Each structure stands twice: as structure tokens, then as C-alpha cells.
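Just protein17.pdb here, PDB, C-alpha atoms and all ligand atoms:
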ATOM      1  CA  MET W   1      21.438  -0.372  10.441
ATOM      2  CA  SER W   2      17.765  -0.653   9.618
ATOM      3  CA  ILE W   3      15.188   1.431   7.830
ATOM      4  CA  ILE W   4      11.431   1.160   7.764
ATOM      5  CA  ILE W   5       9.260   3.402   5.613
ATOM      6  CA  VAL W   6       5.470   3.243   5.749
ATOM      7  CA  HIS W   7       2.999   5.165   3.630
ATOM      8  CA  GLY W   8      -0.696   5.885   3.973
ATOM      9  CA  GLY W   9      -1.542   6.202   0.287
ATOM     10  CA  ILE W  10      -1.997   9.140  -2.043
ATOM     11  CA  GLU W  11      -4.605  11.790  -1.305
ATOM     12  CA  THR W  12      -4.660  10.775   2.321
ATOM     13  CA  GLY W  13      -4.809  13.299   5.140
ATOM     14  CA  THR W  14      -1.549  14.697   6.401
ATOM     15  CA  GLU W  15      -2.975  15.960   9.672
ATOM     16  CA  ALA W  16      -1.746  14.773  13.045
ATOM     17  CA  PRO W  17      -4.049  11.723  13.452
ATOM     18  CA  PHE W  18      -2.865  10.239  10.155
ATOM     19  CA  LEU W  19       0.797  10.951  10.837
ATOM     20  CA  GLU W  20       0.591   9.618  14.367
ATOM     21  CA  VAL W  21      -0.735   6.252  13.194
ATOM     22  CA  LEU W  22       1.889   6.082  10.458
ATOM     23  CA  ARG W  23       4.634   6.779  12.991
ATOM     24  CA  GLU W  24       3.208   4.203  15.365
ATOM     25  CA  ALA W  25       3.159   1.666  12.512
ATOM     26  CA  ALA W  26       6.774   2.372  11.555
ATOM     27  CA  LEU W  27       7.967   2.163  15.169
ATOM     28  CA  SER W  28       5.975  -0.969  15.849
ATOM     29  CA  GLY W  29       7.454  -2.521  12.704
ATOM     30  CA  TYR W  30      10.877  -1.532  13.929
ATOM     31  CA  ARG W  31      10.316  -3.262  17.265
ATOM     32  CA  SER W  32       9.363  -6.427  15.359
ATOM     33  CA  LEU W  33      12.693  -6.516  13.527
ATOM     34  CA  ALA W  34      14.063  -8.796  16.222
ATOM     35  CA  ARG W  35      11.795 -11.486  14.751
ATOM     36  CA  GLY W  36      12.813 -10.693  11.162
ATOM     37  CA  HIS W  37      12.377  -8.294   8.258
ATOM     38  CA  LEU W  38       9.086  -9.899   7.122
ATOM     39  CA  ASP W  39       7.650  -9.621  10.636
ATOM     40  CA  ALA W  40       8.492  -5.933  10.646
ATOM     41  CA  ALA W  41       6.768  -5.317   7.318
ATOM     42  CA  GLU W  42       3.700  -7.341   8.315
ATOM     43  CA  GLU W  43       3.420  -5.701  11.722
ATOM     44  CA  ALA W  44       3.592  -2.163  10.321
ATOM     45  CA  VAL W  45       0.879  -2.908   7.764
ATOM     46  CA  LYS W  46      -1.316  -4.580  10.397
ATOM     47  CA  ILE W  47      -1.343  -1.399  12.485
ATOM     48  CA  LEU W  48      -2.586   0.522   9.463
ATOM     49  CA  GLU W  49      -5.157  -2.136   8.501
ATOM     50  CA  LYS W  50      -6.638  -1.802  11.948
ATOM     51  CA  CYS W  51      -7.078   1.962  11.650
ATOM     52  CA  PRO W  52     -10.234   3.156   9.834
ATOM     53  CA  LEU W  53      -8.420   6.267   8.593
ATOM     54  CA  PHE W  54      -6.744   4.174   5.896
ATOM     55  CA  ASN W  55      -8.101   2.247   2.929
ATOM     56  CA  ALA W  56      -7.014  -1.190   4.116
ATOM     57  CA  GLY W  57      -8.612  -3.767   6.392
ATOM     58  CA  TYR W  58     -11.325  -2.102   8.492
ATOM     59  CA  GLY W  59     -12.176   1.174   6.751
ATOM     60  CA  SER W  60     -11.573  -0.029   3.202
ATOM     61  CA  VAL W  61     -13.481   1.692   0.400
ATOM     62  CA  LEU W  62     -16.635   0.016  -0.908
ATOM     63  CA  ASN W  63     -17.167  -1.445  -4.359
ATOM     64  CA  LEU W  64     -20.144  -0.842  -6.668
ATOM     65  CA  GLU W  65     -22.249  -3.310  -4.701
ATOM     66  CA  GLY W  66     -21.390  -1.708  -1.356
ATOM     67  CA  GLU W  67     -19.009  -4.493  -0.329
ATOM     68  CA  VAL W  68     -15.400  -4.473   0.834
ATOM     69  CA  GLU W  69     -13.003  -6.624  -1.179
ATOM     70  CA  MET W  70      -9.355  -6.316  -0.246
ATOM     71  CA  ASP W  71      -5.969  -7.044  -1.824
ATOM     72  CA  ALA W  72      -2.712  -7.511   0.095
ATOM     73  CA  SER W  73       0.760  -8.909  -0.436
ATOM     74  CA  ILE W  74       4.159  -9.397   1.096
ATOM     75  CA  MET W  75       7.505 -10.128  -0.546
ATOM     76  CA  ASP W  76      10.785 -11.323   0.883
ATOM     77  CA  GLY W  77      13.605  -9.790  -1.128
ATOM     78  CA  TYR W  78      16.101 -12.248   0.298
ATOM     79  CA  SER W  79      14.364 -15.474  -0.757
ATOM     80  CA  GLY W  80      12.435 -13.927  -3.640
ATOM     81  CA  ARG W  81       9.259 -15.487  -2.231
ATOM     82  CA  PHE W  82       5.945 -13.695  -2.667
ATOM     83  CA  GLY W  83       2.495 -14.211  -1.142
ATOM     84  CA  ALA W  84      -0.736 -12.390  -1.861
ATOM     85  CA  VAL W  85      -4.494 -12.386  -1.526
ATOM     86  CA  ALA W  86      -6.935 -10.644  -3.853
ATOM     87  CA  ALA W  87     -10.602  -9.730  -3.492
ATOM     88  CA  ILE W  88     -10.648 -11.272  -0.026
ATOM     89  CA  ASP W  89     -13.447 -10.222   2.338
ATOM     90  CA  ASN W  90     -14.300 -10.203   6.025
ATOM     91  CA  VAL W  91     -10.789 -10.634   7.418
ATOM     92  CA  ALA W  92      -9.142  -8.177   9.781
ATOM     93  CA  HIS W  93      -5.623  -8.503   8.381
ATOM     94  CA  PRO W  94      -5.327  -9.428   4.713
ATOM     95  CA  VAL W  95      -1.538  -8.952   4.924
ATOM     96  CA  THR W  96      -1.310 -11.794   7.452
ATOM     97  CA  ILE W  97      -3.219 -14.105   5.130
ATOM     98  CA  ALA W  98      -0.861 -13.042   2.313
ATOM     99  CA  ARG W  99       2.067 -14.021   4.495
ATOM    100  CA  LEU W 100       0.491 -17.410   5.175
ATOM    101  CA  VAL W 101       0.128 -17.900   1.414
ATOM    102  CA  LEU W 102       3.863 -17.195   1.143
ATOM    103  CA  GLU W 103       4.907 -19.439   4.003
ATOM    104  CA  GLU W 104       2.387 -22.236   4.062
ATOM    105  CA  THR W 105       1.290 -22.851   0.490
ATOM    106  CA  SER W 106       3.052 -23.580  -2.773
ATOM    107  CA  HIS W 107       1.120 -20.744  -4.426
ATOM    108  CA  VAL W 108       1.746 -17.019  -4.708
ATOM    109  CA  LEU W 109      -1.802 -15.647  -4.922
ATOM    110  CA  LEU W 110      -5.183 -16.766  -3.612
ATOM    111  CA  ALA W 111      -8.249 -14.843  -4.777
ATOM    112  CA  GLY W 112     -11.870 -14.349  -3.802
ATOM    113  CA  ARG W 113     -13.712 -17.200  -2.125
ATOM    114  CA  GLY W 114     -10.553 -19.336  -2.029
ATOM    115  CA  ALA W 115      -8.637 -16.646  -0.190
ATOM    116  CA  THR W 116     -11.409 -16.112   2.356
ATOM    117  CA  SER W 117     -11.810 -19.876   2.934
ATOM    118  CA  PHE W 118      -8.064 -20.205   3.434
ATOM    119  CA  ALA W 119      -8.261 -17.522   6.153
ATOM    120  CA  ARG W 120     -11.081 -19.408   7.875
ATOM    121  CA  VAL W 121      -9.189 -22.712   7.695
ATOM    122  CA  LYS W 122      -6.249 -20.950   9.330
ATOM    123  CA  GLY W 123      -8.526 -19.866  12.161
ATOM    124  CA  PHE W 124      -9.171 -16.232  11.297
ATOM    125  CA  PRO W 125     -12.757 -15.257  12.197
ATOM    126  CA  MET W 126     -15.216 -13.294  10.073
ATOM    127  CA  VAL W 127     -14.727  -9.587  10.673
ATOM    128  CA  ASN W 128     -16.847  -6.813   9.247
ATOM    129  CA  CYS W 129     -14.503  -4.372   7.469
ATOM    130  CA  ILE W 130     -17.159  -1.784   6.567
ATOM    131  CA  ALA W 131     -16.598   1.387   8.590
ATOM    132  CA  PRO W 132     -19.611   3.740   9.024
ATOM    133  CA  THR W 133     -17.768   6.627   7.297
ATOM    134  CA  MET W 134     -17.134   4.519   4.230
ATOM    135  CA  LEU W 135     -20.715   3.249   4.133
ATOM    136  CA  LYS W 136     -21.961   6.831   4.299
ATOM    137  CA  ALA W 137     -19.625   7.920   1.493
ATOM    138  CA  TRP W 138     -20.834   5.024  -0.643
ATOM    139  CA  GLN W 139     -24.521   5.725   0.039
ATOM    140  CA  LYS W 140     -24.103   9.391  -0.797
ATOM    141  CA  VAL W 141     -22.412   8.711  -4.107
ATOM    142  CA  ARG W 142     -24.848   5.934  -5.008
ATOM    143  CA  ASP W 143     -27.777   8.286  -4.365
ATOM    144  CA  ALA W 144     -26.167  10.987  -6.491
ATOM    145  CA  MET W 145     -25.532   8.509  -9.286
ATOM    146  CA  GLY W 146     -29.142   7.367  -9.051
ATOM    147  CA  LYS W 147     -30.106  10.956  -9.857
ATOM    148  CA  GLY W 148     -27.800  10.927 -12.875
ATOM    149  CA  ALA W 149     -24.930  12.887 -11.327
ATOM    150  CA  GLY W 150     -21.265  11.947 -11.640
ATOM    151  CA  THR W 151     -19.638  10.538  -8.517
ATOM    152  CA  GLY W 152     -17.590  13.685  -7.793
ATOM    153  CA  ALA W 153     -15.635  11.438  -5.495
ATOM    154  CA  SER W 154     -11.992  10.599  -5.307
ATOM    155  CA  PRO W 155     -11.362   7.059  -6.572
ATOM    156  CA  PHE W 156      -8.850   6.692  -3.780
ATOM    157  CA  THR W 157     -10.791   7.860  -0.754
ATOM    158  CA  GLY W 158     -14.391   7.525  -1.831
ATOM    159  CA  LEU W 159     -14.960  11.006  -0.487
ATOM    160  CA  PRO W 160     -15.898  14.188  -2.308
ATOM    161  CA  ALA W 161     -12.875  15.259  -4.283
ATOM    162  CA  GLN W 162     -12.628  18.536  -2.377
ATOM    163  CA  ALA W 163     -12.744  16.876   1.031
ATOM    164  CA  ILE W 164      -9.744  14.650   0.863
ATOM    165  CA  ASP W 165      -9.252  13.765   4.449
ATOM    166  CA  ALA W 166     -10.143  10.166   5.020
ATOM    167  CA  CYS W 167      -8.222   7.158   3.877
ATOM    168  CA  ASP W 168      -6.056   5.277   1.445
ATOM    169  CA  THR W 169      -3.954   2.207   0.683
ATOM    170  CA  VAL W 170      -1.025   1.406   2.932
ATOM    171  CA  GLY W 171       2.417  -0.069   2.413
ATOM    172  CA  CYS W 172       5.785  -0.642   3.996
ATOM    173  CA  VAL W 173       9.368  -1.330   2.920
ATOM    174  CA  VAL W 174      12.045  -2.648   5.251
ATOM    175  CA  SER W 175      15.818  -2.863   5.042
ATOM    176  CA  HIS W 176      17.429  -4.768   7.877
ATOM    177  CA  ARG W 177      20.977  -6.099   7.893
ATOM    178  CA  GLY W 178      21.027  -6.269   4.116
ATOM    179  CA  MET W 179      17.665  -8.034   3.904
ATOM    180  CA  LEU W 180      14.726  -6.360   2.236
ATOM    181  CA  ALA W 181      10.974  -6.803   2.487
ATOM    182  CA  ALA W 182       7.868  -5.111   1.134
ATOM    183  CA  ALA W 183       4.229  -5.391   2.197
ATOM    184  CA  SER W 184       1.054  -3.673   1.078
ATOM    185  CA  SER W 185      -2.688  -3.752   1.745
ATOM    186  CA  THR W 186      -5.692  -2.029   0.212
ATOM    187  CA  GLY W 187      -9.423  -1.937  -0.255
ATOM    188  CA  GLY W 188      -8.643  -1.000  -3.877
ATOM    189  CA  SER W 189     -10.446   1.761  -5.712
ATOM    190  CA  PHE W 190     -13.790   3.226  -4.661
ATOM    191  CA  LEU W 191     -16.776   1.909  -6.650
ATOM    192  CA  LYS W 192     -14.672  -0.735  -8.390
ATOM    193  CA  MET W 193     -16.493  -3.617 -10.045
ATOM    194  CA  PRO W 194     -16.863  -6.628  -7.760
ATOM    195  CA  GLY W 195     -13.921  -8.928  -8.399
ATOM    196  CA  ARG W 196     -11.636  -6.129  -9.575
ATOM    197  CA  VAL W 197      -8.020  -6.694  -8.540
ATOM    198  CA  GLY W 198      -5.490  -3.859  -8.510
ATOM    199  CA  ASP W 199      -1.714  -3.664  -8.428
ATOM    200  CA  THR W 200      -1.269  -4.335  -4.701
ATOM    201  CA  PRO W 201      -1.227  -8.161  -4.926
ATOM    202  CA  LEU W 202       0.636  -8.293  -8.247
ATOM    203  CA  PRO W 203       4.431  -8.624  -8.022
ATOM    204  CA  GLY W 204       6.172  -6.145 -10.296
ATOM    205  CA  GLY W 205       3.024  -3.994 -10.530
ATOM    206  CA  GLY W 206       2.491  -2.371  -7.133
ATOM    207  CA  ILE W 207       5.130  -4.194  -5.121
ATOM    208  CA  PHE W 208       8.506  -5.839  -5.550
ATOM    209  CA  ALA W 209      11.499  -6.830  -3.453
ATOM    210  CA  SER W 210      14.837  -8.353  -4.362
ATOM    211  CA  ARG W 211      18.266  -8.509  -2.725
ATOM    212  CA  ARG W 212      18.901  -5.014  -4.149
ATOM    213  CA  CYS W 213      15.735  -3.103  -3.513
ATOM    214  CA  ALA W 214      12.212  -3.119  -2.051
ATOM    215  CA  VAL W 215       9.431  -0.965  -3.473
ATOM    216  CA  VAL W 216       5.773  -0.412  -2.702
ATOM    217  CA  CYS W 217       3.465   1.742  -4.812
ATOM    218  CA  THR W 218       0.067   3.351  -4.406
ATOM    219  CA  GLY W 219      -2.237   5.021  -6.885
ATOM    220  CA  LEU W 220      -4.273   3.987  -9.882
ATOM    221  CA  GLY W 221      -3.645   0.244  -9.792
ATOM    222  CA  GLU W 222      -4.375  -0.474 -13.447
ATOM    223  CA  ALA W 223      -1.630   1.959 -14.515
ATOM    224  CA  PHE W 224       0.924   0.326 -12.219
ATOM    225  CA  VAL W 225       0.063  -3.126 -13.532
ATOM    226  CA  GLU W 226       0.234  -2.130 -17.191
ATOM    227  CA  THR W 227       3.612  -0.459 -16.745
ATOM    228  CA  LEU W 228       5.050  -2.977 -14.216
ATOM    229  CA  THR W 229       6.187   0.064 -12.293
ATOM    230  CA  ALA W 230       7.479  -1.667  -9.143
ATOM    231  CA  LYS W 231       9.714  -3.974 -11.184
ATOM    232  CA  TYR W 232      10.829  -1.003 -13.293
ATOM    233  CA  VAL W 233      11.988   0.807 -10.134
ATOM    234  CA  GLU W 234      13.777  -2.294  -8.844
ATOM    235  CA  SER W 235      15.596  -2.684 -12.181
ATOM    236  CA  LEU W 236      16.703   0.952 -12.126
ATOM    237  CA  VAL W 237      18.148   0.529  -8.627
ATOM    238  CA  ALA W 238      19.771  -2.793  -9.579
ATOM    239  CA  ASP W 239      21.396  -0.906 -12.484
ATOM    240  CA  GLY W 240      22.925   1.539 -10.011
ATOM    241  CA  LEU W 241      20.444   4.395  -9.707
ATOM    242  CA  HIS W 242      19.871   5.914  -6.279
ATOM    243  CA  PRO W 243      16.379   4.901  -4.991
ATOM    244  CA  GLN W 244      15.310   8.561  -4.954
ATOM    245  CA  GLU W 245      16.262   9.022  -8.622
ATOM    246  CA  ALA W 246      14.542   5.740  -9.493
ATOM    247  CA  ALA W 247      11.337   6.756  -7.703
ATOM    248  CA  GLU W 248      11.258  10.143  -9.433
ATOM    249  CA  LYS W 249      11.924   8.617 -12.833
ATOM    250  CA  ALA W 250       9.114   6.095 -12.331
ATOM    251  CA  ILE W 251       6.627   8.764 -11.277
ATOM    252  CA  ILE W 252       7.473  10.864 -14.335
ATOM    253  CA  ARG W 253       7.051   7.783 -16.526
ATOM    254  CA  LEU W 254       3.679   7.051 -14.916
ATOM    255  CA  THR W 255       2.502  10.609 -15.495
ATOM    256  CA  LEU W 256       3.665  10.674 -19.123
ATOM    257  CA  GLU W 257       2.606   7.169 -20.153
ATOM    258  CA  LYS W 258      -0.603   6.784 -18.208
ATOM    259  CA  ARG W 259      -1.531  10.209 -16.881
ATOM    260  CA  ALA W 260      -2.011   8.374 -13.625
ATOM    261  CA  ALA W 261      -1.655   9.445 -10.026
ATOM    262  CA  GLY W 262       0.694   7.594  -7.751
ATOM    263  CA  GLY W 263       3.322   7.500  -5.077
ATOM    264  CA  MET W 264       6.012   5.064  -4.015
ATOM    265  CA  VAL W 265       8.488   4.276  -1.282
ATOM    266  CA  VAL W 266      11.771   2.548  -2.095
ATOM    267  CA  VAL W 267      14.703   1.312  -0.025
ATOM    268  CA  ASP W 268      17.858  -0.484  -1.125
ATOM    269  CA  HIS W 269      20.275  -2.902   0.535
ATOM    270  CA  GLN W 270      22.605  -0.023   1.449
ATOM    271  CA  ASN W 271      19.786   1.667   3.368
ATOM    272  CA  ARG W 272      19.449   4.380   0.756
ATOM    273  CA  TYR W 273      15.842   5.344   0.162
ATOM    274  CA  GLY W 274      13.544   7.269  -2.144
ATOM    275  CA  VAL W 275      10.011   8.593  -1.888
ATOM    276  CA  ALA W 276       8.138  10.391  -4.678
ATOM    277  CA  TYR W 277       4.540  11.119  -5.688
ATOM    278  CA  ASN W 278       2.566  13.232  -8.150
ATOM    279  CA  SER W 279      -0.732  13.591  -6.295
ATOM    280  CA  THR W 280      -2.033  16.054  -3.734
ATOM    281  CA  THR W 281      -0.708  14.377  -0.624
ATOM    282  CA  PHE W 282       1.321  11.314   0.306
ATOM    283  CA  PRO W 283       1.874  10.897   4.044
ATOM    284  CA  VAL W 284       4.898   8.815   4.948
ATOM    285  CA  ALA W 285       6.768   7.904   8.130
ATOM    286  CA  LEU W 286      10.382   6.812   8.211
ATOM    287  CA  VAL W 287      12.246   5.141  11.049
ATOM    288  CA  HIS W 288      16.024   4.931  10.838
ATOM    289  CA  ASP W 289      17.769   2.914  13.523
ATOM    290  CA  GLY W 290      14.812   3.192  15.849
ATOM    291  CA  LYS W 291      14.201   6.908  15.444
ATOM    292  CA  ILE W 292      11.476   8.670  13.532
ATOM    293  CA  GLN W 293      13.039  10.977  10.928
ATOM    294  CA  ASP W 294      11.063  14.183  11.056
ATOM    295  CA  ASN W 295      13.222  16.184   8.713
ATOM    296  CA  PHE W 296      12.378  14.015   5.778
ATOM    297  CA  THR W 297      10.079  15.212   2.970
ATOM    298  CA  PRO W 298       8.792  13.017   0.139
ATOM    299  CA  LYS W 299       9.501  14.513  -3.277
ATOM    300  CA  LYS W 300       6.410  15.997  -4.861
ATOM    301  CA  MET W 301       6.592  15.697  -8.645
ATOM    302  CA  PRO W 302       4.613  17.683 -11.257
ATOM    303  CA  ARG W 303       1.022  17.206 -10.317
ATOM    304  CA  TYR W 304      -1.518  15.005 -11.923
ATOM    305  CA  ASN W 305      -5.065  15.929 -10.936
ATOM    306  CA  THR W 306      -6.666  12.713  -9.681
ATOM    307  CA  CYS W 307     -10.062  14.097  -8.939
ATOM    308  CA  GLY W 308     -10.906  15.866 -12.176
TER     309      GLY W 308
HETATM  310  N1  LIG W 401      -3.299   0.839  -5.917
HETATM  311  C1  LIG W 401      -4.549   0.557  -5.287
HETATM  312  C2  LIG W 401      -5.442  -0.127  -6.267
HETATM  313  O1  LIG W 401      -5.575   0.331  -7.369
HETATM  314  C3  LIG W 401      -5.245   1.778  -4.802
HETATM  315  C4  LIG W 401      -4.399   2.710  -4.019
HETATM  316  O2  LIG W 401      -3.192   2.639  -4.028
HETATM  317  O3  LIG W 401      -4.961   3.567  -3.367
HETATM  318  O4  LIG W 401      -6.050  -1.101  -5.885
END
Could you show the structure in this file as C-alpha cells?
Amino acid sequence: MSIIIVHGGIETGTEAPFLEVLREAALSGYRSLARGHLDAAEEAVKILEKCPLFNAGYGSVLNLEGEVEMDASIMDGYSGRFGAVAAIDNVAHPVTIARLVLEETSHVLLAGRGATSFARVKGFPMVNCIAPTMLKAWQKVRDAMGKGAGTGASPFTGLPAQAIDACDTVGCVVSHRGMLAAASSTGGSFLKMPGRVGDTPLPGGGIFASRRCAVVCTGLGEAFVETLTAKYVESLVADGLHPQEAAEKAIIRLTLEKRAAGGMVVVDHQNRYGVAYNSTTFPVALVHDGKIQDNFTPKKMPRYNTCG
């Protein structure tokens, strides 16, 4: 029995092209299970990093200076090992570099120039991650700001708040023969300060996996870090809560404590799962024993307006 859940971030499109890529990612992850639970998580995230519809890898949002800086991580719930990169640039698959940090270094997190150099040393070429749509969104907002206007843009997509149809952070949780894994990748928040690091590469903040539970979050990274939301969810499940109840409780806590927008996917070692969010949209794909589950709906919690 195996489960893979992938998400495409909050405020992402839920139209066919987005859902198709998410399904492809979940199925491709599933096919990689033969190599192991970490391979499945990495593979699913790589498919999404490659797709410019999502805020990860190619197609990431731009920072204040018009650059892409990405965060990614992967965690093996079985061994408790974690690997991450932060503010890395010009690599096609930050999640793969995160996995190399986990497997081939004695560190858990490489940031900035060090992370990019590590990728080069490992043979990964320079790749431009700036997609034309994202550059256009950045230029438009920068011009508006130059004229004294507010950004009017979603911090998650970089697009006008009313036209939420482009991209967001991606993540994946895997449960396979009692072993759990989580992986996540993001360009972070639109117009962030250069060097800003969110929750995606911070264990316990936006991601966590143990022998009981794997969780990946998306949303306003600072809120997830300050509340250690991923670890909170894992502790609730370890204390016996169903992953769905844990996810809902964590989203309510996030709304009440931080007034922040977010979503999360959770799976436990018994293949029970939970998905909840408080934003406008949160596209997710779930594969159970090789089959896409179409009759599955993430739980939408009382809304927090992210674009106000
Ligand atoms: N959590 C990510 C960050 O703050 C953004 C996102 O999930 O969309 O970097």
C-alpha cells in the first residue's frame, strides 16, 4: 500500500493544465517508488519544478531585484535525515541538490552562493529559471510601484490579485510500506528581499517527516516558521490525531495566530491522509496504489483573504 500526494501551492489555478501536471507528477512519483520513497518524492517535485505553471524551478517568482532565488528540501521520515538548499539560483532542480545535501554532505542546509557552487561541483549546469510570464509580472508591478502604486499582486503568484491563474510552490508527501518522505520546492514569495528564506527549507516550519507522519506546507512562509507548523502537525498525528484533523487544526491555528494563508498535505504510516487550506484554491493530486483518486476534495477552511 502506497500513497503519494502532491500539491501545487495555494492560489494556484485549478484548471485542467494545472491538474494534469499535478497528476503526472503524482503518477511519475509513484512509478519511482521501486527505487525508494525518497526517489518518489524527489521525482514528483522535479516534474513540477520543470513546469512554468508552478512557483518552483523554472517559472519561480522574482524577488525585488528581478532575480530568482529558490528554496527546496527533502526529508526521510525513516532515517530522520533532512537536506535543503536556500536562496539557490540558476539550477533546474533545487530539490535534487537538496537531496545531495542530505546524502552526500554532513550538513542539513546550504544557502546562497555555497548552495549554487555545490550544484556546479556536482555537475549541474547553469540554467535560467526566469520564465517570460514571471518577468512580465515583475516588470508590471515594478513600473506601478515606480509610479507610487501598491503592488496589487498576490505574494504567491506575482500576478494581479484578481487574476490568480499562474503558479505557486510545490510539495509532495509519500507513504510507502511504512516509510514516509516529504519534499518541497519554491521560488518563495513575490518581490521578497534578496536573500530572504522562507519555510520550505526549514524542518518543522514548512516540512517535516518522521516514522509517524510526513507533512508539507505552503503559504506565507514567515508564519509557518514562527509557528513551527509542520512539526506541530507531526506532533498531533504522533499523539493519535487523524492526519485530516491535524491538518484542519493547524490551519485554524495559523489563521487565528498569524492571520496567514496556507495549505498542507499530510500522510501517516497507516496511509491515512489529510489535506486542508484556508486560501482561494489549493490544487492537489493523490495517487493511492497506482491510481489517481478523483473523488477526493481538500478541506477548505474559513477563508483568509491573501490578496487584500
Ligand atoms: N511558503 C513559501 C515561502 O514563503 C511560499 C509558498 O508556499 O507559496 O517561501
Got a sec: who's within 6 Å of range 244-256 of chain W, counting all atoms listed in the file, leaving out chain neighbours fewer than 3 positions off, as a compact mmCIF listing (two decimals) with C-alpha atoms, in the frame of the given file?
# COMPACT_ATOMS: atom_id res chain seq x y z
CA VAL W 233 11.99 0.81 -10.13
CA LEU W 236 16.70 0.95 -12.13
CA ARG W 259 -1.53 10.21 -16.88
CA ALA W 260 -2.01 8.37 -13.62
CA GLY W 274 13.54 7.27 -2.14
CA ALA W 276 8.14 10.39 -4.68
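Among all protein and nucleic acid residues, the ones that lie within 8 Å of ligand LIG 401 (chain W) when counting all atoms listed in the file are Gly9, Ile10, Asn55, Asp71, Pro155, Phe156, Thr157, Asp168, Thr169, Val170, Thr186, Gly187, Gly188, Ser189, Val197, Gly198, Asp199, Thr200, Gly206, Cys217, Thr218, Gly219, Leu220, Gly221, Glu222, Phe224 and Gly262 of chain W.
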- Message: Can you measure CA of Ile4 in chain W to CA of His269 in chain W for me? One decimal in Å is fine.
- Response: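 Computed distance, CA of Ile4 in chain W to CA of His269 in chain W, equals 12.1 Å.
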If you apply the PyMOL selection byres (((chain W and resi 133) around 10) and not hetatm) to this file, what residues do you get, as an mmCIF file with C-alpha atoms, keeping the file's coordinate frame?
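The resulting file, expr-v9.cif, is reproduced below:
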data_model
loop_
_atom_site.group_PDB
_atom_site.id
_atom_site.type_symbol
_atom_site.label_atom_id
_atom_site.label_comp_id
_atom_site.auth_asym_id
_atom_site.auth_seq_id
_atom_site.Cartn_x
_atom_site.Cartn_y
_atom_site.Cartn_z
ATOM 1 C CA PRO W 52 -10.234 3.156 9.834
ATOM 2 C CA LEU W 53 -8.420 6.267 8.593
ATOM 3 C CA GLY W 59 -12.176 1.174 6.751
ATOM 4 C CA SER W 60 -11.573 -0.029 3.202
ATOM 5 C CA VAL W 61 -13.481 1.692 0.400
ATOM 6 C CA ILE W 130 -17.159 -1.784 6.567
ATOM 7 C CA ALA W 131 -16.598 1.387 8.590
ATOM 8 C CA PRO W 132 -19.611 3.740 9.024
ATOM 9 C CA MET W 134 -17.134 4.519 4.230
ATOM 10 C CA LEU W 135 -20.715 3.249 4.133
ATOM 11 C CA LYS W 136 -21.961 6.831 4.299
ATOM 12 C CA ALA W 137 -19.625 7.920 1.493
ATOM 13 C CA TRP W 138 -20.834 5.024 -0.643
ATOM 14 C CA GLN W 139 -24.521 5.725 0.039
ATOM 15 C CA GLY W 158 -14.391 7.525 -1.831
ATOM 16 C CA LEU W 159 -14.960 11.006 -0.487
ATOM 17 C CA ALA W 166 -10.143 10.166 5.020
#
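Relative to CA of Gly57 in chain W, CA of Cys213 in chain W is found at 26.3 Å.
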- Measuring atom to atom with all atoms listed in the file, identify which of W:Ala144, W:Val267, W:Val91, W:Met179 is nearest to Arg120 in chain W.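 That would be W:Val91, the residue with the smallest distance to Arg120 in chain W.
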- Item | For range 101-106 of chain W: contacts at 10 Å, all atoms listed in the file, fewer than 5 positions along chain excluded, given as a count of residues only | 14
- Message: Going by the chain IDs and residue numbers used in this file, which residues fall under the PyMOL selection byres (((chain W and resi 14) around 9) and not hetatm)? Write them as a ChimeraX atom specification.
- Response: /W:11-13,15-19,165,281-284
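Applied to this file, the PyMOL selection byres (((chain W and resi 182) around 6) and not hetatm) selects Ile74, Met75, Cys172, Val173, Ala181, Ala183 and Ala214 of chain W.
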- Task: Rank nothing, just name the residue among W:Phe190, W:Arg196, W:Asp39, W:Val6 nearest to Gly66 in chain W, using all atoms listed in the file.
- Result: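 Closest to Gly66 in chain W of all the choices is W:Phe190.
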- Message: Please compute the CA of Ala34 in chain W-CA of Pro201 in chain W distance, one decimal, in Å.
- Response: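 Separation between CA of Ala34 in chain W and CA of Pro201 in chain W: 26.1 Å.
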- Query: Using all atoms listed in the file, which residue out of W:Ala285, W:Ile3, W:Met301, W:Cys51 lies closest to Arg272 in chain W?
  - Reply: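 For Arg272 in chain W, the nearest of the given residues is W:Ile3.
When all atoms listed in the file are used to compute distances to Tyr277 in chain W, the closest of the residues W:Lys299, W:Lys258, W:His242, W:Lys147 turns out to be W:Lys299.
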- Write out as an MDAnalysis selection string which residues come within 6 Å of Gly204 in chain W when counting only C-alpha atoms, dropping same-chain ones fewer than 6 positions away. chainID W and resid 228 230:231
- Task: Name the residues in contact with Gly112 in chain W at a cut-off of 8 Å, using only C-alpha atoms, excluding same-chain residues fewer than 5 positions from it; report them as JSON, numbers by chain.
- Result: {"W": [85, 86, 87, 88, 89, 195]}
How big is the axis-aligned box around the listed atoms of range 129-148 of chain W once 8 Å is added on each side, and where is its centre? Give both in Å to one decimal, as lines of an AutoDock Vina configuration file.
center_x = -22.3
center_y = 3.3
center_z = -1.9
size_x = 31.6
size_y = 31.4
size_z = 37.9
